[in-house]
2 protein chains.
Amino acid sequence: MNFNIGPSRLYPTVAQHINNALKDEILSVSHRGGTFKEIYKNTVDNLRKLLSIPNGHEIFFLGSATEAMGILIENCCLEKSFHFVNGAFSRKLFELALELKKQPQKNEVEWGQGFEFKENVVPEEIELVCLTHNETSTGVMLDLKDIYKLREKYPNKLFALDITSSIPYADVDYQLIDYAFFSVQKGFGLPAGLGVIVVSKKALEKAEKIKDFGLNIGGFHNLLNLKKMGDEFQTVETPNMLNIYLLGKVCEDMLNYGIDGLRKETEEKSALVYEFFDLDKRLFVDDKKVRSPTTVVIKTDKNSSEIIEVLKKKNILISSGYGKLKNEQIRIPILPAIPMEDYKKLLGSW
Amino acid sequence: MNFNIGPSRLYPTVAQHINNALKDEILSVSHRGGTFKEIYKNTVDNLRKLLSIPNGHEIFFLGSATEAMGILIENCCLEKSFHFVNGAFSRKLFELALELKKQPQKNEVEWGQGFEFKENVVPEEIELVCLTHNETSTGVMLDLKDIYKLREKYPNKLFALDITSSIPYADVDYQLIDYAFFSVQKGFGLPAGLGVIVVSKKALEKAEKIKDFGLNIGGFHNLLNLKKMGDEFQTVETPNMLNIYLLGKVCEDMLNYGIDGLRKETEEKSALVYEFFDLDKRLFVDDKKVRSPTTVVIKTDKNSSEIIEVLKKKNILISSGYGKLKNEQIRIPILPAIPMEDYKKLLGSW
């Protein structure tokens with residue numbers, strides 16, 4: 001039983017979809033032809049439906065969420081970004097902004113914590129505010145309502161949201177977010193190698209402005225190129241057609257299953273896991289309000305590698321803590337691909 | 001029968017390898033763990049062996065050859081690149097350099113032609129010389145010996161070579177090339193979604209210099225990040241693990257089959273196709289010396305779409321000309337994945 005934090009267990013229908021793709025030879029069609037355009041359109045349509053993405057927002061495909069971070073910084077920030085940093089992935093985006101010669105600022109708290117979104121927390125000169133909805137490194141999920149309230153205070157700034165490890169559980173109001181991004185190897189249970197961004201008109205306008213200003217907004221996957229090609233249901237490059245196809249199919253499966261059910265089950269599964277480990281006071285995130293329903297982080301009583309080894313012998317694969325907390329924590333993803341009974345088996349084997 | 005120019009027919013072993021990957025659950029392992037590191041190392045080792053890539057050159061994985069173009073320009077050129085342009089893909093790289101705020105120069109000839117590599121053709125101030133070994137848009141393959149001679153004249157410039165549609169047929173002397181790049185959906189017969197670059201020490205040093213100069217060399221897939229992670233048999237992002245795995249496996253298959261045999265067969269298959277269409281004087285490339293053994297371009301006597309439709313009814317898929325030549329040409333790829341007997345069937349159905 002695979003409980004890896006990501007790449008994670010494949011969604012149960014994926015193998016069948018892959019074999020259909022092979023059988024129908026869709027991997028050998030032109031990325032400029034009608035068959036691929038239909039696949040592209042189908043995936044965009046299904047994603048839009050599944051996640052309630054408004055028509056005014058564009059959906060584009062990239063190679064990874066990491067790539068989405070670079071494109072965000074180059075296309076939505078001329079100089080000054082602001083980062084809410086509470087773990088490794090929010091920090092990575094802050095550091096990337098530095099590497100890309102911007103002048104990022106941050107509000108950084110300890111790992112395992114959320115934020116007090118107090119008034120006037122974001123300086124006047126900031127163009128872009130970056131938040132990580134779910135910190136995969138710590139198991140903290142921010143409250144979307146807090147984020148929306150913050151956003152309301154700063155209607156003229158762009159807001160970006162990393163939803164890599166909260167989607168499709170997260171029921172985001174994309175009208176309030178200018179640039180949301182995720183990859184597909186966690187919540188969607190797909191092979192790795194595809195990033196998705198959901199982009200507002202304001203974000204596209206910002207990219208235009210930065211380009212007109214004479215700055216480099218990236219060579220091939222800049223927002224303007226993505227928009228130009230996306231309008232034709234195409235990508236700039238020859239893309240990972242298999243994953244674009246699979247994402248459309250899995251969205252379809254999730255639509256048929258019902259997104260409300262998937263979300264409710266995520267909460268039920270995480271409640272069970274939290275309850276189990278709370279008995280021994282092993283939960284890393286103290287504040288209940290920000291305990292993630294998609295990423296449960298457990299403090300271990302011995303080196304996590306020992307627990308991982310013991311479970312491996314029982315044919316259970318599970319992930320350690322992240323970075324500096326690697327040896328003292330275990331992380332358990334709560335995913336649509338993993339049924340409740342498997343979580344029960346995991347807890348039974350603990 | 002699929003004769004698409006790219007994405008092309010899958011190599012015959014691919015479906016089996018994909019099903020092995022599913023069975024062995026390698027798509028749900030950590031991209032930071034031992035299993036993936038072994039896959040990464042295996043693919044690099046097999047590529048190095050198959051293509052005789054010297055140990056001093058690094059091999060890195062990207063999302064596409066298009067991405068490889070952007071990274072080339074940002075990491076290997078501070079200001080001035082020089083481009084031999086004889087078709088759509090060599091032109092694309094030139095235009096990308098403009099978009100990335102460099103000052104590219106070019107030697108441009110008509111589509112269907114190669115170059116007279118005369119003396120002193122590249123100006124003194126040029127840092128980077130870019131050549132497209134095989135122009136997929138026109139069916140012109142440059143003679144590698146001409147390229148090496150040019151290179152010898154300019155030992156202090158960097159040389160980049162697009163080998164997207166000539167590999168693995170092309171027997172490149174990588175010692176003489178600083179940045180070679182390709183994707184896997186043509187000659188390797190894999191699903192699209194993976195680019196590969198082969199990079200010299202000089203190219204890495206150049207990236208370092210440009211970074212020290214204070215310029216943006218790209219956010220996540222710059223050469224220095226790729227090198228840092230590649231040294232650990234890892235990628236910067238969560239990568240397309242399936243394709244990295246498949247590339248290693250198909251290289252293994254090609255090693256077992258024998259690269260010399262594959263190359264000889266490519267020449268035999270293309271000779272057959274060229275001979276057939278030469279009878280009616282339908283070959284687009286006049287100069288025999290630069291007629292591509294991997295991309296045969298045919299002038300059609302009627303609109304190419306009519307021929308494509310007729311063949312489609314016979315269950316044969318084939319590609320039109322490129323861009324402005326779309327309606328008056330057909331392009332036939334000569335690939336390891338397509339056996340000689342299928343080319344005979346194609347010609348028999350013409």
# chains A, B, ... in the order shown; residues from 1 in each chain; ligands from 1
call {"tool": "residues_around", "arguments": {"residues": "B:Asn243", "least_positions_apart": "5", "cutoff": "9 Å", "atoms": "only C-alpha atoms", "output": "ChimeraX atom specification"}}
result
/A:193 /B:184,190-194,248
call {"tool": "write_last_selection", "arguments": {"atoms": "N, CA and C atoms", "output": "compact mmCIF listing (two decimals), in the first residue's frame"}}
result
# COMPACT_ATOMS: atom_id res chain seq x y z
N GLY A 193 4.81 15.28 -13.97
CA GLY A 193 5.28 15.84 -15.24
C GLY A 193 4.31 16.82 -15.87
N VAL B 184 12.17 13.59 -27.12
CA VAL B 184 12.18 12.12 -27.24
C VAL B 184 11.06 11.55 -28.10
N LEU B 190 9.15 7.87 -28.10
CA LEU B 190 8.52 7.93 -26.77
C LEU B 190 7.36 8.92 -26.76
N PRO B 191 6.49 8.83 -25.77
CA PRO B 191 5.49 9.88 -25.60
C PRO B 191 6.19 11.23 -25.44
N ALA B 192 5.57 12.31 -25.90
CA ALA B 192 6.17 13.65 -25.77
C ALA B 192 6.16 14.09 -24.31
N GLY B 193 7.03 15.04 -24.00
CA GLY B 193 7.05 15.60 -22.65
C GLY B 193 8.40 15.51 -21.97
N LEU B 194 9.46 15.28 -22.75
CA LEU B 194 10.80 15.25 -22.17
C LEU B 194 11.81 15.83 -23.16
N GLY B 248 15.41 5.55 -20.60
CA GLY B 248 16.47 4.61 -20.20
C GLY B 248 16.23 3.23 -20.76
call {"tool": "select_by_dssp", "arguments": {"residues": "stretch 68-316 of chain A", "states": "strand (DSSP E)", "output": "tab-separated table (two decimals) with C-alpha atoms, in the first residue's frame"}}
result
chain	number	residue	atom	x	y	z
A	81	SER	CA	6.58	40.55	-4.23
A	82	PHE	CA	5.43	39.67	-0.73
A	83	HIS	CA	5.54	36.12	0.63
A	84	PHE	CA	3.79	34.46	3.54
A	85	VAL	CA	6.44	31.90	4.47
A	105	GLN	CA	9.70	40.73	1.17
A	106	LYS	CA	8.28	38.20	3.58
A	107	ASN	CA	6.29	37.51	6.69
A	108	GLU	CA	7.90	34.34	8.03
A	128	LEU	CA	2.20	40.57	-5.88
A	129	VAL	CA	1.18	38.67	-2.72
A	130	CYS	CA	2.11	34.96	-2.61
A	131	LEU	CA	0.48	32.41	-0.34
A	132	THR	CA	0.84	28.66	-0.03
A	134	ASN	CA	-1.23	23.97	1.99
A	135	GLU	CA	2.38	23.62	3.14
A	140	VAL	CA	-0.53	23.57	7.65
A	141	MET	CA	-3.49	24.59	5.51
A	158	LEU	CA	-2.13	40.50	-7.57
A	159	PHE	CA	-2.69	37.42	-5.42
A	160	ALA	CA	-1.05	34.08	-6.12
A	161	LEU	CA	-1.95	30.83	-4.41
A	162	ASP	CA	0.00	27.56	-4.40
A	179	TYR	CA	-2.60	33.00	-10.29
A	180	ALA	CA	-3.31	29.60	-8.76
A	181	PHE	CA	-0.96	26.71	-9.52
A	182	PHE	CA	-0.64	23.01	-8.88
A	183	SER	CA	0.84	19.80	-10.20
A	195	GLY	CA	1.82	21.68	-13.91
A	196	VAL	CA	-1.41	23.65	-14.24
A	197	ILE	CA	-1.94	27.38	-13.75
A	198	VAL	CA	-5.22	29.25	-13.44
A	199	VAL	CA	-4.69	32.86	-14.47
A	295	THR	CA	-1.50	16.46	4.73
A	296	VAL	CA	-1.27	14.96	8.22
A	297	VAL	CA	2.11	15.45	9.89
A	298	ILE	CA	2.99	13.19	12.81
A	299	LYS	CA	5.84	13.59	15.31
call {"tool": "atom_distance", "arguments": {"atom1": "atom CA of A:Gly112", "atom2": "atom CA of A:Val285"}}
result
5.1 Å
call {"tool": "residues_around", "arguments": {"residues": "stretch 336-348 of chain B", "least_positions_apart": "3", "cutoff": "7 Å", "atoms": "only C-alpha atoms", "output": "number ranges by chain"}}
result
B: 9-12, 187, 189, 262, 269
call {"tool": "closest_residue", "arguments": {"among": "B:Gly321, B:Gln16, B:Ile26, B:Glu74", "to": "B:Ile217", "atoms": "only C-alpha atoms"}}
result
B:Glu74
call {"tool": "closest_atom_pairs", "arguments": {"of": "chain B", "to": "chain A", "cutoff": "6 Å", "atoms": "only C-alpha atoms", "output": "CSV"}}
result
residue,atom,partner,partner_atom,distance
B:Pro7,CA,A:Ser28,CA,4.9
B:Ser8,CA,A:Ser28,CA,4.8
B:Arg9,CA,A:Ser28,CA,5.3
B:Leu27,CA,A:Pro191,CA,5.7
B:Ser28,CA,A:Ser8,CA,4.7
B:Val29,CA,A:Pro7,CA,6.0
B:Ser30,CA,A:Pro7,CA,5.8
B:Gly63,CA,A:Gly63,CA,5.9
B:Thr66,CA,A:Glu237,CA,5.6
B:Gly70,CA,A:Gly219,CA,5.3
B:Leu100,CA,A:Gly219,CA,5.9
B:Pro191,CA,A:Leu27,CA,5.7
B:Ala192,CA,A:Asn240,CA,5.2
B:Gly193,CA,A:Asn240,CA,3.9
B:Asn216,CA,A:Leu100,CA,5.9
B:Gly219,CA,A:Gly70,CA,5.3
B:Glu237,CA,A:Thr66,CA,5.6
B:Pro239,CA,A:Gly193,CA,5.1
B:Asn240,CA,A:Gly193,CA,3.9
call {"tool": "atom_distance", "arguments": {"atom1": "atom CA of A:His133", "atom2": "atom CA of A:Leu247"}}
result
21.4 Å
call {"tool": "residues_around", "arguments": {"residues": "B:Tyr322", "least_positions_apart": "3", "cutoff": "6 Å", "atoms": "only C-alpha atoms", "output": "ChimeraX atom specification"}}
result
/B:137,325-326
call {"tool": "closest_residue", "arguments": {"among": "A:Cys77, A:Thr13, A:Thr266, A:Lys228", "to": "A:Lys206", "atoms": "only C-alpha atoms"}}
result
A:Cys77
call {"tool": "closest_residue", "arguments": {"among": "A:Gln175, A:Ile39, A:Leu224, A:Glu275", "to": "A:Asn55", "atoms": "only C-alpha atoms"}}
result
A:Gln175
call {"tool": "select_by_dssp", "arguments": {"residues": "stretch 168-329 of chain B", "states": "helix (DSSP H, G or I)", "output": "tab-separated table (two decimals) with N, CA and C atoms, in the first residue's frame"}}
result
chain	number	residue	atom	x	y	z
B	174	TYR	N	30.40	14.88	-29.45
B	174	TYR	CA	29.96	15.87	-28.45
B	174	TYR	C	31.11	16.69	-27.89
B	175	GLN	N	32.34	16.19	-28.03
B	175	GLN	CA	33.51	16.97	-27.58
B	175	GLN	C	33.55	18.32	-28.28
B	176	LEU	N	32.97	18.37	-29.48
B	176	LEU	CA	33.05	19.61	-30.27
B	176	LEU	C	31.78	20.46	-30.15
B	201	LYS	N	31.54	21.50	-20.12
B	201	LYS	CA	32.03	22.29	-18.98
B	201	LYS	C	32.06	23.77	-19.33
B	202	LYS	N	32.47	24.07	-20.57
B	202	LYS	CA	32.54	25.47	-21.01
B	202	LYS	C	31.17	26.14	-20.94
B	203	ALA	N	30.14	25.40	-21.29
B	203	ALA	CA	28.78	25.97	-21.25
B	203	ALA	C	28.38	26.26	-19.81
B	204	LEU	N	28.72	25.35	-18.90
B	204	LEU	CA	28.41	25.56	-17.48
B	204	LEU	C	29.16	26.78	-16.94
B	205	GLU	N	30.42	26.92	-17.36
B	205	GLU	CA	31.21	28.08	-16.91
B	205	GLU	C	30.61	29.38	-17.41
B	206	LYS	N	30.09	29.32	-18.64
B	206	LYS	CA	29.47	30.52	-19.21
B	206	LYS	C	28.23	30.92	-18.38
B	207	ALA	N	27.44	29.94	-18.00
B	207	ALA	CA	26.25	30.23	-17.19
B	207	ALA	C	26.66	30.89	-15.87
B	208	GLU	N	27.71	30.37	-15.29
B	208	GLU	CA	28.25	30.94	-14.04
B	208	GLU	C	28.64	32.41	-14.24
B	209	LYS	N	29.34	32.66	-15.35
B	209	LYS	CA	29.79	34.04	-15.65
B	209	LYS	C	28.60	34.98	-15.82
B	210	ILE	N	27.60	34.51	-16.55
B	210	ILE	CA	26.43	35.37	-16.82
B	210	ILE	C	25.71	35.67	-15.51
B	211	LYS	N	25.64	34.66	-14.66
B	211	LYS	CA	25.00	34.86	-13.36
B	211	LYS	C	25.80	35.86	-12.52
B	212	ASP	N	27.12	35.67	-12.49
B	212	ASP	CA	27.97	36.58	-11.73
B	212	ASP	C	27.85	38.01	-12.25
B	223	LEU	N	21.22	26.19	-15.87
B	223	LEU	CA	22.23	25.12	-15.92
B	223	LEU	C	22.86	24.85	-14.56
B	224	LEU	N	22.98	25.89	-13.74
B	224	LEU	CA	23.64	25.69	-12.45
B	224	LEU	C	22.76	24.87	-11.51
B	225	ASN	N	21.46	25.14	-11.51
B	225	ASN	CA	20.54	24.32	-10.72
B	225	ASN	C	20.48	22.88	-11.24
B	226	LEU	N	20.45	22.75	-12.56
B	226	LEU	CA	20.39	21.41	-13.16
B	226	LEU	C	21.63	20.61	-12.78
B	227	LYS	N	22.79	21.28	-12.77
B	227	LYS	CA	24.05	20.61	-12.43
B	227	LYS	C	24.05	20.19	-10.95
B	228	LYS	N	23.62	21.13	-10.11
B	228	LYS	CA	23.60	20.86	-8.67
B	228	LYS	C	22.73	19.64	-8.35
B	229	MET	N	21.54	19.60	-8.93
B	229	MET	CA	20.64	18.48	-8.66
B	229	MET	C	21.07	17.23	-9.42
B	230	GLY	N	21.53	17.41	-10.65
B	230	GLY	CA	21.96	16.28	-11.47
B	230	GLY	C	23.10	15.51	-10.82
B	241	MET	N	8.77	11.47	-14.51
B	241	MET	CA	9.53	10.27	-14.16
B	241	MET	C	9.26	9.13	-15.14
B	242	LEU	N	8.02	9.05	-15.62
B	242	LEU	CA	7.69	7.98	-16.57
B	242	LEU	C	8.60	8.08	-17.80
B	243	ASN	N	8.71	9.29	-18.36
B	243	ASN	CA	9.50	9.43	-19.57
B	243	ASN	C	10.99	9.22	-19.33
B	244	ILE	N	11.47	9.65	-18.17
B	244	ILE	CA	12.89	9.43	-17.87
B	244	ILE	C	13.15	7.92	-17.78
B	245	TYR	N	12.22	7.22	-17.16
B	245	TYR	CA	12.31	5.76	-17.07
B	245	TYR	C	12.28	5.13	-18.46
B	246	LEU	N	11.30	5.56	-19.27
B	246	LEU	CA	11.13	4.97	-20.60
B	246	LEU	C	12.34	5.23	-21.49
B	247	LEU	N	12.90	6.44	-21.39
B	247	LEU	CA	14.06	6.76	-22.21
B	247	LEU	C	15.22	5.81	-21.89
B	248	GLY	N	15.41	5.55	-20.60
B	248	GLY	CA	16.47	4.61	-20.20
B	248	GLY	C	16.23	3.23	-20.76
B	249	LYS	N	14.97	2.81	-20.72
B	249	LYS	CA	14.63	1.47	-21.20
B	249	LYS	C	14.80	1.36	-22.72
B	250	VAL	N	14.35	2.39	-23.45
B	250	VAL	CA	14.46	2.33	-24.91
B	250	VAL	C	15.93	2.44	-25.34
B	251	CYS	N	16.72	3.22	-24.62
B	251	CYS	CA	18.16	3.25	-24.91
B	251	CYS	C	18.75	1.84	-24.75
B	252	GLU	N	18.32	1.17	-23.69
B	252	GLU	CA	18.77	-0.21	-23.44
B	252	GLU	C	18.39	-1.11	-24.63
B	253	ASP	N	17.14	-0.98	-25.07
B	253	ASP	CA	16.68	-1.78	-26.21
B	253	ASP	C	17.52	-1.49	-27.45
B	254	MET	N	17.82	-0.19	-27.64
B	254	MET	CA	18.60	0.19	-28.83
B	254	MET	C	20.05	-0.28	-28.71
B	255	LEU	N	20.56	-0.26	-27.49
B	255	LEU	CA	21.91	-0.80	-27.27
B	255	LEU	C	21.93	-2.29	-27.59
B	256	ASN	N	20.91	-3.00	-27.15
B	256	ASN	CA	20.84	-4.43	-27.44
B	256	ASN	C	20.71	-4.71	-28.93
B	257	TYR	N	19.91	-3.88	-29.59
B	257	TYR	CA	19.71	-4.04	-31.03
B	257	TYR	C	20.99	-3.67	-31.78
B	259	ILE	N	23.36	0.18	-32.17
B	259	ILE	CA	23.15	1.51	-32.75
B	259	ILE	C	23.63	1.57	-34.20
B	260	ASP	N	24.70	0.82	-34.51
B	260	ASP	CA	25.20	0.84	-35.89
B	260	ASP	C	24.14	0.31	-36.85
B	261	GLY	N	23.48	-0.76	-36.42
B	261	GLY	CA	22.42	-1.33	-37.24
B	261	GLY	C	21.28	-0.35	-37.44
B	262	LEU	N	20.87	0.31	-36.36
B	262	LEU	CA	19.78	1.29	-36.45
B	262	LEU	C	20.15	2.41	-37.44
B	263	ARG	N	21.40	2.83	-37.36
B	263	ARG	CA	21.83	3.94	-38.24
B	263	ARG	C	21.88	3.48	-39.70
B	264	LYS	N	22.39	2.28	-39.90
B	264	LYS	CA	22.48	1.75	-41.26
B	264	LYS	C	21.07	1.58	-41.84
B	265	GLU	N	20.16	1.06	-41.04
B	265	GLU	CA	18.78	0.87	-41.49
B	265	GLU	C	18.10	2.20	-41.82
B	266	THR	N	18.41	3.23	-41.03
B	266	THR	CA	17.86	4.57	-41.32
B	266	THR	C	18.27	4.99	-42.72
B	267	GLU	N	19.53	4.75	-43.06
B	267	GLU	CA	20.02	5.13	-44.39
B	267	GLU	C	19.37	4.27	-45.47
B	268	GLU	N	19.19	3.00	-45.20
B	268	GLU	CA	18.55	2.12	-46.19
B	268	GLU	C	17.09	2.52	-46.42
B	269	LYS	N	16.39	2.80	-45.31
B	269	LYS	CA	14.97	3.17	-45.43
B	269	LYS	C	14.83	4.49	-46.19
B	270	SER	N	15.67	5.46	-45.82
B	270	SER	CA	15.53	6.77	-46.49
B	270	SER	C	15.94	6.66	-47.95
B	271	ALA	N	16.96	5.84	-48.24
B	271	ALA	CA	17.39	5.67	-49.64
B	271	ALA	C	16.23	5.15	-50.48
B	272	LEU	N	15.50	4.18	-49.93
B	272	LEU	CA	14.35	3.62	-50.62
B	272	LEU	C	13.29	4.69	-50.91
B	273	VAL	N	12.99	5.47	-49.88
B	273	VAL	CA	11.95	6.50	-50.02
B	273	VAL	C	12.40	7.59	-51.00
B	274	TYR	N	13.66	8.01	-50.86
B	274	TYR	CA	14.16	9.05	-51.78
B	274	TYR	C	14.12	8.56	-53.23
B	275	GLU	N	14.55	7.31	-53.42
B	275	GLU	CA	14.61	6.74	-54.77
B	275	GLU	C	13.21	6.75	-55.41
B	276	PHE	N	12.24	6.33	-54.61
B	276	PHE	CA	10.86	6.25	-55.10
B	276	PHE	C	10.36	7.61	-55.60
B	277	PHE	N	10.56	8.63	-54.79
B	277	PHE	CA	9.99	9.94	-55.14
B	277	PHE	C	10.87	10.71	-56.13
B	278	ASP	N	12.13	10.30	-56.23
B	278	ASP	CA	13.02	10.96	-57.18
B	278	ASP	C	12.61	10.62	-58.61
B	288	LYS	N	21.87	16.88	-52.96
B	288	LYS	CA	21.96	15.54	-52.36
B	288	LYS	C	22.73	15.54	-51.05
B	289	LYS	N	23.77	16.37	-50.99
B	289	LYS	CA	24.66	16.39	-49.82
B	289	LYS	C	23.91	16.71	-48.52
B	290	VAL	N	22.83	17.47	-48.62
B	290	VAL	CA	22.12	17.85	-47.38
B	290	VAL	C	20.72	17.22	-47.28
B	304	SER	N	-1.64	18.91	-50.42
B	304	SER	CA	-1.20	17.80	-49.58
B	304	SER	C	-2.35	17.22	-48.77
B	305	SER	N	-3.33	18.06	-48.41
B	305	SER	CA	-4.45	17.58	-47.60
B	305	SER	C	-5.23	16.49	-48.34
B	306	GLU	N	-5.28	16.58	-49.67
B	306	GLU	CA	-5.98	15.54	-50.45
B	306	GLU	C	-5.27	14.20	-50.32
B	307	ILE	N	-3.94	14.26	-50.44
B	307	ILE	CA	-3.15	13.02	-50.32
B	307	ILE	C	-3.29	12.44	-48.92
B	308	ILE	N	-3.23	13.33	-47.93
B	308	ILE	CA	-3.36	12.89	-46.53
B	308	ILE	C	-4.70	12.19	-46.32
B	309	GLU	N	-5.75	12.75	-46.93
B	309	GLU	CA	-7.09	12.17	-46.78
B	309	GLU	C	-7.18	10.79	-47.45
B	310	VAL	N	-6.62	10.69	-48.66
B	310	VAL	CA	-6.65	9.42	-49.39
B	310	VAL	C	-5.93	8.34	-48.58
B	311	LEU	N	-4.75	8.70	-48.07
B	311	LEU	CA	-3.97	7.73	-47.29
B	311	LEU	C	-4.69	7.36	-45.99
B	312	LYS	N	-5.34	8.35	-45.41
B	312	LYS	CA	-6.06	8.10	-44.16
B	312	LYS	C	-7.11	7.01	-44.35
B	313	LYS	N	-7.74	7.04	-45.52
B	313	LYS	CA	-8.75	6.01	-45.82
B	313	LYS	C	-8.12	4.62	-45.93
B	323	GLY	N	4.37	24.85	-41.98
B	323	GLY	CA	4.15	26.29	-42.10
B	323	GLY	C	3.74	26.69	-43.50
B	324	LYS	N	4.50	27.56	-44.12
B	324	LYS	CA	4.13	28.12	-45.43
B	324	LYS	C	4.11	27.05	-46.53
B	325	LEU	N	4.75	25.91	-46.28
B	325	LEU	CA	4.79	24.84	-47.29
B	325	LEU	C	3.79	23.72	-47.00
B	326	LYS	N	2.95	23.97	-46.02
B	326	LYS	CA	1.98	22.96	-45.55
B	326	LYS	C	1.21	22.29	-46.70
B	327	ASN	N	0.67	23.10	-47.57
B	327	ASN	CA	-0.25	22.56	-48.59
B	327	ASN	C	0.44	21.91	-49.78
B	328	GLU	N	1.73	22.16	-49.92
B	328	GLU	CA	2.39	21.66	-51.14
B	328	GLU	C	3.44	20.59	-50.86
call {"tool": "atom_distance", "arguments": {"atom1": "atom CA of B:Leu78", "atom2": "atom CA of A:Leu93"}}
result
25.5 Å
